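So this one's final.csv, CSV, C-alpha atoms:
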```
chain,number,residue,atom,x,y,z
K,1,ALA,CA,-48.2,-16.5,-14.6
K,2,ALA,CA,-48.1,-12.8,-13.7
K,3,GLY,CA,-44.3,-12.5,-14.4
K,4,PRO,CA,-44.4,-13.3,-18.2
K,5,ARG,CA,-47.5,-11.1,-18.7
K,6,GLU,CA,-45.8,-8.2,-17.1
K,7,GLU,CA,-42.7,-8.7,-19.2
K,8,ASP,CA,-44.9,-8.9,-22.3
K,9,ASP,CA,-46.8,-5.8,-21.4
K,10,GLU,CA,-43.6,-3.9,-20.8
K,11,GLY,CA,-42.2,-5.2,-24.1
K,12,ALA,CA,-45.4,-4.0,-25.8
K,13,ARG,CA,-45.2,-0.5,-24.5
K,14,CYS,CA,-41.4,0.0,-24.8
K,15,PRO,CA,-40.1,1.5,-28.0
K,16,GLN,CA,-37.8,-0.5,-30.1
K,17,VAL,CA,-34.0,0.0,-30.1
K,18,GLY,CA,-33.2,3.4,-31.7
K,19,GLU,CA,-36.7,4.8,-31.1
K,20,PRO,CA,-36.9,7.9,-28.8
K,21,LEU,CA,-38.5,7.3,-25.4
K,22,PRO,CA,-41.6,9.3,-24.5
K,23,GLU,CA,-40.4,12.3,-22.4
K,24,GLU,CA,-42.0,11.1,-19.2
K,25,GLU,CA,-40.6,7.6,-19.5
K,26,GLU,CA,-37.2,9.1,-20.4
K,27,GLU,CA,-37.3,11.1,-17.2
K,28,GLU,CA,-38.5,8.1,-15.1
K,29,GLU,CA,-35.7,5.9,-16.5
K,30,GLU,CA,-33.1,8.6,-15.7
K,31,VAL,CA,-34.4,8.9,-12.1
K,32,LEU,CA,-34.3,5.1,-11.7
K,33,HIS,CA,-30.8,5.0,-13.1
K,34,LEU,CA,-29.6,7.7,-10.8
K,35,ALA,CA,-31.1,6.0,-7.8
K,36,LYS,CA,-29.5,2.7,-8.7
K,37,ARG,CA,-26.1,4.4,-9.2
K,38,ARG,CA,-26.4,6.1,-5.8
K,39,ARG,CA,-27.3,2.8,-4.1
K,40,VAL,CA,-24.1,1.3,-5.6
K,41,LEU,CA,-22.0,4.3,-4.4
K,42,CYS,CA,-23.4,3.9,-0.9
K,43,SER,CA,-22.6,0.2,-0.8
K,44,GLU,CA,-19.0,0.9,-2.1
K,45,PHE,CA,-18.5,3.7,0.5
K,46,ALA,CA,-19.8,1.5,3.3
K,47,ALA,CA,-17.5,-1.4,2.3
K,48,ILE,CA,-14.4,0.8,2.0
K,49,THR,CA,-14.9,2.6,5.3
K,50,SER,CA,-16.5,-0.2,7.3
K,51,SER,CA,-19.4,2.1,8.1
K,52,ASP,CA,-23.1,1.5,7.6
K,53,VAL,CA,-25.2,2.5,4.6
K,54,GLU,CA,-26.9,5.4,6.4
K,55,VAL,CA,-23.5,7.0,7.2
K,56,ALA,CA,-22.3,6.3,3.7
K,57,CYS,CA,-25.4,8.0,2.1
K,58,SER,CA,-25.0,11.0,4.5
K,59,PHE,CA,-21.4,11.6,3.5
K,60,LEU,CA,-22.0,11.1,-0.2
K,61,ALA,CA,-25.1,13.3,-0.2
K,62,GLY,CA,-23.2,16.0,1.6
K,63,ASN,CA,-20.5,15.9,-1.0
K,64,ASP,CA,-22.7,16.0,-4.2
K,65,TRP,CA,-22.3,12.2,-4.5
K,66,HIS,CA,-18.6,12.6,-5.3
K,67,MET,CA,-16.8,9.5,-3.9
K,68,GLN,CA,-13.3,11.0,-3.5
K,69,ARG,CA,-14.7,14.1,-1.7
K,70,ALA,CA,-16.9,12.0,0.5
K,71,LEU,CA,-13.9,9.8,1.5
K,72,ASN,CA,-11.8,12.9,2.2
K,73,ALA,CA,-14.6,14.3,4.4
K,74,TYR,CA,-14.9,10.9,6.2
K,75,PHE,CA,-11.2,10.4,6.9
K,76,GLU,CA,-10.5,14.1,7.7
K,77,PRO,CA,-11.3,15.1,11.3
K,78,PRO,CA,-13.5,18.1,11.9
K,79,LEU,CA,-11.6,21.3,12.5
K,80,GLU,CA,-12.4,21.6,16.2
K,81,LYS,CA,-11.1,18.1,16.8
K,82,GLU,CA,-7.9,18.9,14.9
K,83,GLU,CA,-7.4,22.0,17.0
K,84,ALA,CA,-8.0,20.0,20.2
K,85,ALA,CA,-5.5,17.4,19.0
K,86,ALA,CA,-2.9,20.2,18.2
K,87,ALA,CA,-3.5,21.6,21.7
K,88,GLY,CA,-2.7,18.2,23.2
K,89,GLY,CA,-6.3,17.6,24.3
K,90,MET,CA,-7.0,14.7,22.1
K,91,PRO,CA,-4.5,12.4,20.2
K,92,PRO,CA,-5.4,12.0,16.5
K,93,ALA,CA,-6.1,8.3,16.9
K,94,CYS,CA,-9.0,9.1,19.2
K,95,ALA,CA,-10.5,11.8,17.1
K,96,GLY,CA,-13.7,9.9,16.4
K,97,PRO,CA,-15.1,7.9,13.5
K,98,GLY,CA,-14.2,10.5,10.8
K,99,SER,CA,-10.7,11.0,12.0
K,100,CYS,CA,-7.4,10.7,10.1
K,101,ILE,CA,-4.1,9.7,11.7
K,102,ASP,CA,-1.5,12.4,11.4
K,103,LEU,CA,1.8,10.6,10.7
K,104,THR,CA,3.7,13.5,12.3
K,105,ALA,CA,2.3,12.4,15.7
K,106,ASP,CA,2.0,9.0,17.3
K,107,ALA,CA,-0.9,7.2,18.8
K,108,THR,CA,1.1,4.6,20.7
K,109,THR,CA,4.0,6.5,22.4
K,110,SER,CA,4.4,9.9,23.9
K,111,ASN,CA,5.0,12.9,21.8
K,112,ALA,CA,8.2,13.5,23.6
K,113,SER,CA,9.5,10.1,22.5
K,114,VAL,CA,8.6,10.8,18.8
K,115,ASN,CA,10.0,14.3,18.9
K,116,SER,CA,13.3,13.1,20.3
K,117,THR,CA,13.4,10.4,17.7
K,118,ASP,CA,12.9,13.0,14.9
K,119,SER,CA,15.5,15.3,16.4
K,120,ARG,CA,18.0,12.4,16.6
K,121,GLN,CA,17.4,11.6,12.9
K,122,GLN,CA,17.8,15.2,11.9
K,123,GLU,CA,21.1,15.5,13.8
K,124,ASP,CA,22.4,12.1,12.7
K,125,ASP,CA,23.0,11.6,9.0
K,126,SER,CA,24.8,8.3,9.6
K,127,SER,CA,21.8,6.1,9.1
K,128,PHE,CA,18.4,5.9,7.5
K,129,SER,CA,15.4,3.5,7.9
K,130,LEU,CA,13.0,1.9,5.4
K,131,ILE,CA,9.7,0.0,5.8
K,132,SER,CA,8.3,-2.3,3.1
K,133,TRP,CA,4.8,-3.6,3.7
K,134,ASN,CA,1.9,-5.2,1.7
K,135,ILE,CA,-1.0,-3.5,3.6
K,136,ASP,CA,-3.7,-5.8,2.1
K,137,GLY,CA,-6.1,-3.2,0.7
K,138,LEU,CA,-8.0,-5.9,-1.1
K,139,ASP,CA,-9.4,-7.1,2.2
K,140,LEU,CA,-12.2,-4.7,2.9
K,141,GLY,CA,-12.8,-6.1,6.4
K,142,ASN,CA,-12.0,-3.6,9.1
K,143,LEU,CA,-10.3,-1.5,6.4
K,144,LYS,CA,-10.4,1.8,8.3
K,145,GLU,CA,-9.2,0.3,11.6
K,146,ARG,CA,-6.4,-1.5,9.9
K,147,ALA,CA,-5.4,1.6,8.0
K,148,ARG,CA,-5.2,3.5,11.3
K,149,GLY,CA,-3.0,0.7,12.7
K,150,ILE,CA,-0.6,1.0,9.7
K,151,CYS,CA,-0.5,4.8,10.2
K,152,SER,CA,0.3,4.3,13.9
K,153,TYR,CA,3.3,2.0,13.0
K,154,LEU,CA,4.6,4.6,10.5
K,155,ALA,CA,4.2,7.3,13.2
K,156,LEU,CA,6.0,5.1,15.7
K,157,TYR,CA,9.0,4.3,13.6
K,158,SER,CA,9.1,7.5,11.5
K,159,PRO,CA,10.9,5.8,8.6
K,160,ASP,CA,12.7,7.8,6.0
K,161,VAL,CA,11.4,5.7,3.2
K,162,VAL,CA,8.2,3.6,3.0
K,163,PHE,CA,7.4,1.0,0.3
K,164,LEU,CA,3.7,0.0,0.3
K,165,GLN,CA,1.9,-2.6,-1.8
K,166,GLU,CA,-1.8,-3.3,-2.2
K,167,VAL,CA,-2.7,0.3,-1.7
K,168,ILE,CA,-6.2,1.3,-2.7
K,169,PRO,CA,-7.6,4.9,-3.3
K,170,PRO,CA,-9.0,5.3,0.3
K,171,HIS,CA,-5.5,4.5,1.7
K,172,LEU,CA,-4.0,7.1,-0.6
K,173,CYS,CA,-6.6,9.6,0.6
K,174,LEU,CA,-5.8,8.9,4.2
K,175,LEU,CA,-2.1,9.2,3.7
K,176,GLN,CA,-2.4,12.4,1.6
K,177,VAL,CA,-4.5,14.0,4.3
K,178,GLY,CA,-2.5,12.8,7.3
K,179,ALA,CA,1.1,12.4,6.0
K,180,GLY,CA,2.1,16.0,5.7
K,181,SER,CA,5.7,15.1,6.5
K,182,TYR,CA,5.9,12.7,3.5
K,183,THR,CA,6.0,13.0,-0.2
K,184,ILE,CA,3.8,10.2,-1.6
K,185,ILE,CA,4.4,8.8,-5.1
K,186,PRO,CA,1.8,6.2,-6.1
K,187,GLY,CA,2.4,3.6,-8.8
K,188,ASN,CA,-1.2,4.0,-10.1
K,189,ILE,CA,-4.4,5.6,-8.8
K,190,ASP,CA,-6.9,2.9,-9.9
K,191,GLY,CA,-7.7,-0.5,-8.5
K,192,TYR,CA,-4.8,-1.4,-6.2
K,193,PHE,CA,-1.2,-0.3,-6.6
K,194,THR,CA,2.1,0.4,-4.9
K,195,ALA,CA,3.3,3.6,-3.4
K,196,ILE,CA,6.6,5.1,-2.1
K,197,MET,CA,6.7,7.6,0.7
K,198,LEU,CA,9.6,9.9,1.3
K,199,LYS,CA,10.2,11.7,4.6
K,200,LYS,CA,10.5,15.5,4.2
K,201,PRO,CA,12.9,17.4,4.3
K,202,ARG,CA,15.5,14.7,4.7
K,203,VAL,CA,14.7,12.6,1.6
K,204,LYS,CA,14.8,14.8,-1.5
K,205,LEU,CA,12.8,13.6,-4.5
K,206,LEU,CA,14.8,13.9,-7.8
K,207,LYS,CA,12.5,12.1,-10.3
K,208,HIS,CA,10.4,9.0,-10.7
K,209,GLU,CA,9.2,6.6,-13.4
K,210,ILE,CA,6.8,3.6,-13.7
K,211,ILE,CA,8.0,0.6,-15.7
K,212,PRO,CA,5.1,-1.6,-16.9
K,213,PHE,CA,5.1,-5.4,-16.7
K,214,PRO,CA,3.9,-6.1,-20.3
K,215,THR,CA,2.2,-9.5,-19.6
K,216,THR,CA,0.8,-9.0,-16.1
K,217,SER,CA,-2.8,-10.1,-15.6
K,218,MET,CA,-2.9,-8.5,-12.1
K,219,MET,CA,-2.2,-4.8,-12.8
K,220,ARG,CA,1.4,-5.1,-11.6
K,221,ASN,CA,4.3,-2.7,-12.4
K,222,LEU,CA,7.7,-1.4,-11.1
K,223,LEU,CA,7.7,1.9,-9.4
K,224,VAL,CA,11.2,3.6,-9.5
K,225,VAL,CA,12.0,6.8,-7.5
K,226,TYR,CA,15.3,8.6,-7.5
K,227,VAL,CA,16.2,10.4,-4.3
K,228,SER,CA,19.1,12.0,-2.4
K,229,ILE,CA,19.7,11.2,1.3
K,230,SER,CA,22.6,12.7,3.2
K,231,GLY,CA,24.2,13.6,-0.1
K,232,ASN,CA,23.9,10.0,-1.4
K,233,GLU,CA,21.9,9.5,-4.6
K,234,ILE,CA,19.8,6.4,-4.3
K,235,CYS,CA,17.5,4.6,-6.7
K,236,LEU,CA,14.5,3.2,-4.8
K,237,MET,CA,12.2,0.6,-6.3
K,238,THR,CA,9.1,-1.3,-5.2
K,239,SER,CA,6.8,-3.8,-6.8
K,240,HIS,CA,4.1,-6.4,-6.1
K,241,LEU,CA,5.1,-9.3,-8.2
K,242,GLU,CA,2.5,-11.6,-9.7
K,243,SER,CA,0.7,-13.7,-7.0
K,244,THR,CA,0.1,-17.4,-6.4
K,245,LYS,CA,1.9,-20.5,-7.3
K,246,ASN,CA,0.2,-20.8,-10.7
K,247,HIS,CA,1.7,-17.6,-11.9
K,248,SER,CA,5.3,-18.5,-11.3
K,249,LYS,CA,6.4,-18.0,-14.9
K,250,GLU,CA,5.1,-14.5,-15.1
K,251,ARG,CA,6.6,-13.7,-11.6
K,252,MET,CA,10.0,-14.8,-12.8
K,253,LYS,CA,9.7,-12.6,-15.9
K,254,GLN,CA,8.9,-9.7,-13.6
K,255,LEU,CA,11.8,-10.4,-11.3
K,256,GLN,CA,14.1,-10.4,-14.3
K,257,ILE,CA,12.9,-7.0,-15.3
K,258,VAL,CA,13.6,-5.8,-11.7
K,259,LEU,CA,17.1,-7.2,-11.7
K,260,ASN,CA,17.9,-5.8,-15.1
K,261,LYS,CA,16.8,-2.4,-14.0
K,262,MET,CA,18.9,-2.6,-10.8
K,263,GLN,CA,21.9,-3.6,-12.9
K,264,THR,CA,21.6,-0.9,-15.5
K,265,GLU,CA,21.3,2.0,-13.1
K,266,SER,CA,24.2,4.4,-12.8
K,267,GLU,CA,27.1,2.8,-10.9
K,268,SER,CA,27.4,5.9,-8.8
K,269,ASN,CA,23.9,5.2,-7.3
K,270,THR,CA,23.0,2.8,-4.5
K,271,VAL,CA,19.9,0.8,-5.6
K,272,ILE,CA,17.4,-0.6,-3.1
K,273,PHE,CA,14.4,-2.7,-4.2
K,274,GLY,CA,11.8,-3.9,-1.7
K,275,GLY,CA,8.3,-5.3,-1.9
K,276,ASP,CA,5.9,-8.3,-1.9
K,277,THR,CA,7.8,-10.5,-4.4
K,278,ASN,CA,5.7,-13.6,-3.8
K,279,LEU,CA,9.0,-15.4,-4.6
K,280,ARG,CA,9.8,-19.0,-3.7
K,281,ASP,CA,13.6,-19.7,-3.3
K,282,SER,CA,13.4,-22.3,-6.1
K,283,GLU,CA,12.3,-19.5,-8.6
K,284,VAL,CA,15.4,-17.4,-7.8
K,285,THR,CA,17.5,-20.5,-8.3
K,286,LYS,CA,15.9,-21.2,-11.7
K,287,LEU,CA,17.0,-17.7,-12.8
K,288,GLY,CA,20.5,-18.6,-11.8
K,289,ASN,CA,20.4,-16.8,-8.4
K,290,LEU,CA,20.9,-13.1,-7.9
K,291,PRO,CA,23.6,-11.3,-9.9
K,292,ASN,CA,26.9,-11.0,-8.1
K,293,ASN,CA,26.4,-7.3,-7.4
K,294,ILE,CA,22.9,-7.6,-6.0
K,295,THR,CA,22.4,-8.8,-2.4
K,296,ASP,CA,19.3,-10.2,-0.6
K,297,VAL,CA,19.5,-8.1,2.5
K,298,TRP,CA,18.1,-10.8,4.8
K,299,GLU,CA,20.8,-13.2,3.6
K,300,PHE,CA,23.5,-10.4,3.9
K,301,LEU,CA,22.5,-10.0,7.5
K,302,GLY,CA,23.1,-13.7,8.2
K,303,LYS,CA,19.5,-15.0,7.6
K,304,PRO,CA,18.1,-13.9,11.0
K,305,GLN,CA,15.3,-16.3,11.9
K,306,HIS,CA,13.2,-13.7,13.8
K,307,CYS,CA,12.4,-11.9,10.5
K,308,ARG,CA,12.4,-14.8,8.0
K,309,TYR,CA,8.7,-15.4,7.4
K,310,THR,CA,6.7,-12.3,6.4
K,311,TRP,CA,3.6,-14.3,5.5
K,312,ASP,CA,2.7,-16.7,8.3
K,313,THR,CA,-0.8,-18.2,8.6
K,314,HIS,CA,0.3,-20.0,11.8
K,315,SER,CA,0.6,-16.6,13.6
K,316,ASN,CA,-1.4,-14.3,11.4
K,317,THR,CA,-5.1,-15.1,11.6
K,318,ASN,CA,-6.4,-12.4,9.2
K,319,LEU,CA,-7.2,-14.8,6.4
K,320,ASP,CA,-8.6,-17.4,8.8
K,321,ALA,CA,-6.9,-19.9,6.5
K,322,GLN,CA,-7.4,-23.6,7.1
K,323,TYR,CA,-4.0,-24.4,5.7
K,324,LYS,CA,-0.9,-23.4,7.6
K,325,CYS,CA,2.2,-22.2,5.9
K,326,LYS,CA,5.1,-19.8,6.4
K,327,MET,CA,6.8,-18.0,3.5
K,328,ARG,CA,9.4,-15.3,2.9
K,329,LEU,CA,7.3,-13.5,0.3
K,330,ASP,CA,8.5,-9.9,1.1
K,331,ARG,CA,12.2,-9.2,0.3
K,332,ILE,CA,14.6,-6.3,0.1
K,333,TYR,CA,17.4,-6.4,-2.5
K,334,PHE,CA,20.4,-4.1,-2.5
K,335,ARG,CA,23.0,-3.0,-5.1
K,336,PRO,CA,25.8,-0.9,-3.6
K,337,ALA,CA,27.4,2.0,-5.5
K,338,ALA,CA,30.5,0.9,-7.4
K,339,ASP,CA,32.8,3.3,-5.7
K,340,GLY,CA,32.6,1.9,-2.2
K,341,GLY,CA,30.2,0.9,0.6
K,342,HIS,CA,28.6,4.3,1.3
K,343,ILE,CA,25.4,2.6,2.4
K,344,ILE,CA,25.3,-0.7,4.2
K,345,PRO,CA,22.4,-2.7,5.6
K,346,ARG,CA,22.5,-2.9,9.4
K,347,SER,CA,19.4,-4.6,10.7
K,348,MET,CA,16.0,-6.1,9.8
K,349,ASP,CA,12.9,-6.6,11.9
K,350,LEU,CA,9.2,-7.5,11.4
K,351,ILE,CA,6.5,-5.1,12.3
K,352,GLY,CA,2.7,-5.3,12.5
K,353,LEU,CA,2.8,-8.3,14.9
K,354,GLU,CA,0.2,-7.0,17.4
K,355,LYS,CA,-3.5,-7.4,16.9
K,356,LEU,CA,-5.6,-4.2,16.8
K,357,ASP,CA,-8.7,-3.5,18.9
K,358,CYS,CA,-10.9,-4.9,16.1
K,359,GLY,CA,-9.2,-8.3,16.8
K,360,ARG,CA,-7.3,-8.4,13.5
K,361,PHE,CA,-3.7,-7.5,12.5
K,362,PRO,CA,-3.1,-4.5,10.2
K,363,SER,CA,-2.4,-6.8,7.3
K,364,ASP,CA,-2.1,-10.5,6.4
K,365,HIS,CA,1.6,-9.7,5.8
K,366,TRP,CA,4.1,-8.6,8.4
K,367,GLY,CA,6.0,-5.5,7.5
K,368,LEU,CA,9.8,-5.3,7.1
K,369,LEU,CA,11.7,-2.6,8.9
K,370,CYS,CA,15.2,-2.2,7.6
K,371,ASN,CA,18.0,0.1,8.9
K,372,PHE,CA,21.0,1.2,6.9
K,373,ASP,CA,24.3,2.8,7.9
K,374,VAL,CA,25.5,5.7,5.8
K,375,ILE,CA,29.3,5.9,5.7
K,376,LEU,CA,30.0,9.7,5.7
```
Render the structure in this file as structure tokens.
Amino acid sequence: AAGPREEDDEGARCPQVGEPLPEEEEEEEEVLHLAKRRRVLCSEFAAITSSDVEVACSFLAGNDWHMQRALNAYFEPPLEKEEAAAAGGMPPACAGPGSCIDLTADATTSNASVNSTDSRQQEDDSSFSLISWNIDGLDLGNLKERARGICSYLALYSPDVVFLQEVIPPHLCLLQVGAGSYTIIPGNIDGYFTAIMLKKPRVKLLKHEIIPFPTTSMMRNLLVVYVSISGNEICLMTSHLESTKNHSKERMKQLQIVLNKMQTESESNTVIFGGDTNLRDSEVTKLGNLPNNITDVWEFLGKPQHCRYTWDTHSNTNLDAQYKCKMRLDRIYFRPAADGGHIIPRSMDLIGLEKLDCGRFPSDHWGLLCNFDVIL
């Protein structure tokens, strides 16, 4: 009985809509609103970083309750730890809970190995490497540990080009802070989105554009980046096509936009598209298969079985799915320049196959590592 009376009492003393609140009540309402907003911010920060609410509140309060600044502070290692890491006393991966992985170093192999890899790449213009990976930013579980794992793989392989899907703002923050050797071009900055990373100084950014998918219901688009590698102009594209079986019609419309864009690019450019296509083979068949001048790299390489399935709930337990299925959702398409085979796909492998210390894989997708030969 107390509940209704309280509501009636409150209704009796509250002004009607449009009436000014008494000054004290106005202040009280503002304080309550601010407190509620801060509680929401703390919960969001804790979910994103896999930290507890006390840590979240501490970082937010220390950064004037500005979410992006607080995330920057959380992921960026303290100065003395950065100096220790630079001096060889502590690898970035072990720099504590507020650390950020520096993609120019490597947490899983020796610095000598990474440096020798880099020097070989600088000396050898006859090849380049590309990684495409849906990094599952929509799964907030163990987000920070999984982001560290992805960074470690990028440091290990030091690819020239990276296509990422399901990136969220904290990932972008982490990469911007730690990936000093890469130029990062995001396909958006809100919600979740794609991004392309280009290794400096080898891959020179010329320009980029974002092509919308007009009827998407999942914030999807096509990110297009024009670059020069070893004197070859290349058009790079990534996308995360509409998900789930029920959205097959929209996904096929999006694929058609991708293929049209690949075909209308200048014939002097090599065009490479990669991403989480969510495609079923039957959908490609319904479109009349790929155009004659566009190749599925996996098929071009002879359909190697070791890298066929990029989404495999038999082996990847991140989703804890009751159903078991294997699918080739992630694909790389290639359209050579018209004046000869200056760039040719050489190999493809899966990455991200090892569980992290947290007991989960970096993503529910395996990543694709693709190597290309450059004919000089």
Hey, which bits of stretch 262-317 of chain K sit within 12 Å of stretch 182-203 of chain K, and for each residue what's the closest pair of atoms and how far apart in Å (one decimal), counting only C-alpha atoms, rows by chain and increasing number, as a Markdown table?
```
| residue | atom | partner | partner_atom | distance |
| --- | --- | --- | --- | --- |
| K:Phe273 | CA | K:Ile196 | CA | 11.2 |
| K:Gly274 | CA | K:Ile196 | CA | 10.4 |
| K:Gly275 | CA | K:Thr194 | CA | 8.9 |
| K:Asp276 | CA | K:Thr194 | CA | 10.0 |
```
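From atom CA of K:Gln254 back to atom CA of K:Ile344, the distance works out to 25.8 Å.
What separates atom CA of K:Lys245 from atom CA of K:Glu283 is a distance of 10.5 Å.
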Atom pair atom CA of K:Leu329 / atom CA of K:Thr310: separation (Å): 6.2 Å
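For the choices K:Asp136, K:Leu154, K:Pro170, K:Asn318, the atom-to-atom distance to K:Phe45 is smallest for K:Pro170 when using all atoms listed in the file.
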Hey, could you pull the box centre and edge lengths for stretch 359-371 of chain K, axis-aligned, 5 Å padding per side, all listed atoms, to one decimal in Å, as AutoDock Vina command-line options?
```
--center_x 4.4 --center_y -5.2 --center_z 11.3 --size_x 37.2 --size_y 20.6 --size_z 21.0
```
Test item: which residues lie within 9 Å of (19.7, 11.6, -0.8) counting all atoms listed in the file, as a VMD selection string: chain K and resid 202 to 206 226 to 234
Shortest interatomic distance to K:Arg308 - which of K:Met348, K:Ser126, K:Cys358, K:His66, counting all atoms listed in the file: K:Met348
Spatial neighbours of stretch 311-314 of chain K, 8 Å, only C-alpha atoms, chain gap at least 2 places, as a ChimeraX atom specification: /K:309,316-317,319-321,323-330,364-366
Mind dumping the selected residues with C-alpha atoms as a PDB file, in the coordinates of the input?
```pdb
ATOM      1  CA  TYR K 309       8.700 -15.400   7.400  1.00  0.00           C
ATOM      2  CA  ASN K 316      -1.400 -14.300  11.400  1.00  0.00           C
ATOM      3  CA  THR K 317      -5.100 -15.100  11.600  1.00  0.00           C
ATOM      4  CA  LEU K 319      -7.200 -14.800   6.400  1.00  0.00           C
ATOM      5  CA  ASP K 320      -8.600 -17.400   8.800  1.00  0.00           C
ATOM      6  CA  ALA K 321      -6.900 -19.900   6.500  1.00  0.00           C
ATOM      7  CA  TYR K 323      -4.000 -24.400   5.700  1.00  0.00           C
ATOM      8  CA  LYS K 324      -0.900 -23.400   7.600  1.00  0.00           C
ATOM      9  CA  CYS K 325       2.200 -22.200   5.900  1.00  0.00           C
ATOM     10  CA  LYS K 326       5.100 -19.800   6.400  1.00  0.00           C
ATOM     11  CA  MET K 327       6.800 -18.000   3.500  1.00  0.00           C
ATOM     12  CA  ARG K 328       9.400 -15.300   2.900  1.00  0.00           C
ATOM     13  CA  LEU K 329       7.300 -13.500   0.300  1.00  0.00           C
ATOM     14  CA  ASP K 330       8.500  -9.900   1.100  1.00  0.00           C
ATOM     15  CA  ASP K 364      -2.100 -10.500   6.400  1.00  0.00           C
ATOM     16  CA  HIS K 365       1.600  -9.700   5.800  1.00  0.00           C
ATOM     17  CA  TRP K 366       4.100  -8.600   8.400  1.00  0.00           C
TER      18      TRP K 366
END
```
Selected residue, from K:Cys235, K:Met218, K:Leu368, K:Val40, that lies nearest to K:Ser268 when counting all atoms listed in the file: K:Cys235
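Residue nearest K:Leu236 within the list K:Leu130, K:Val284, K:Leu255, K:Leu143: K:Leu130 [criterion: smallest interatomic distance, all atoms listed in the file].
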Contact residues around K:Leu241 with only C-alpha atoms at 10 Å, ignoring same-chain residues under 4 positions, as a PyMOL selection string: chain K and resi 165+213+216+218-222+247-248+250-255+258+275-279+329-330
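Closest to K:Glu265 among K:Leu32, K:Val224, K:Leu164, K:Leu71 is K:Val224, based on all atoms listed in the file.
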Nearest candidate to K:His342 (options K:Glu44, K:Asp52, K:Glu166, K:Asp125; using all atoms listed in the file): K:Asp125
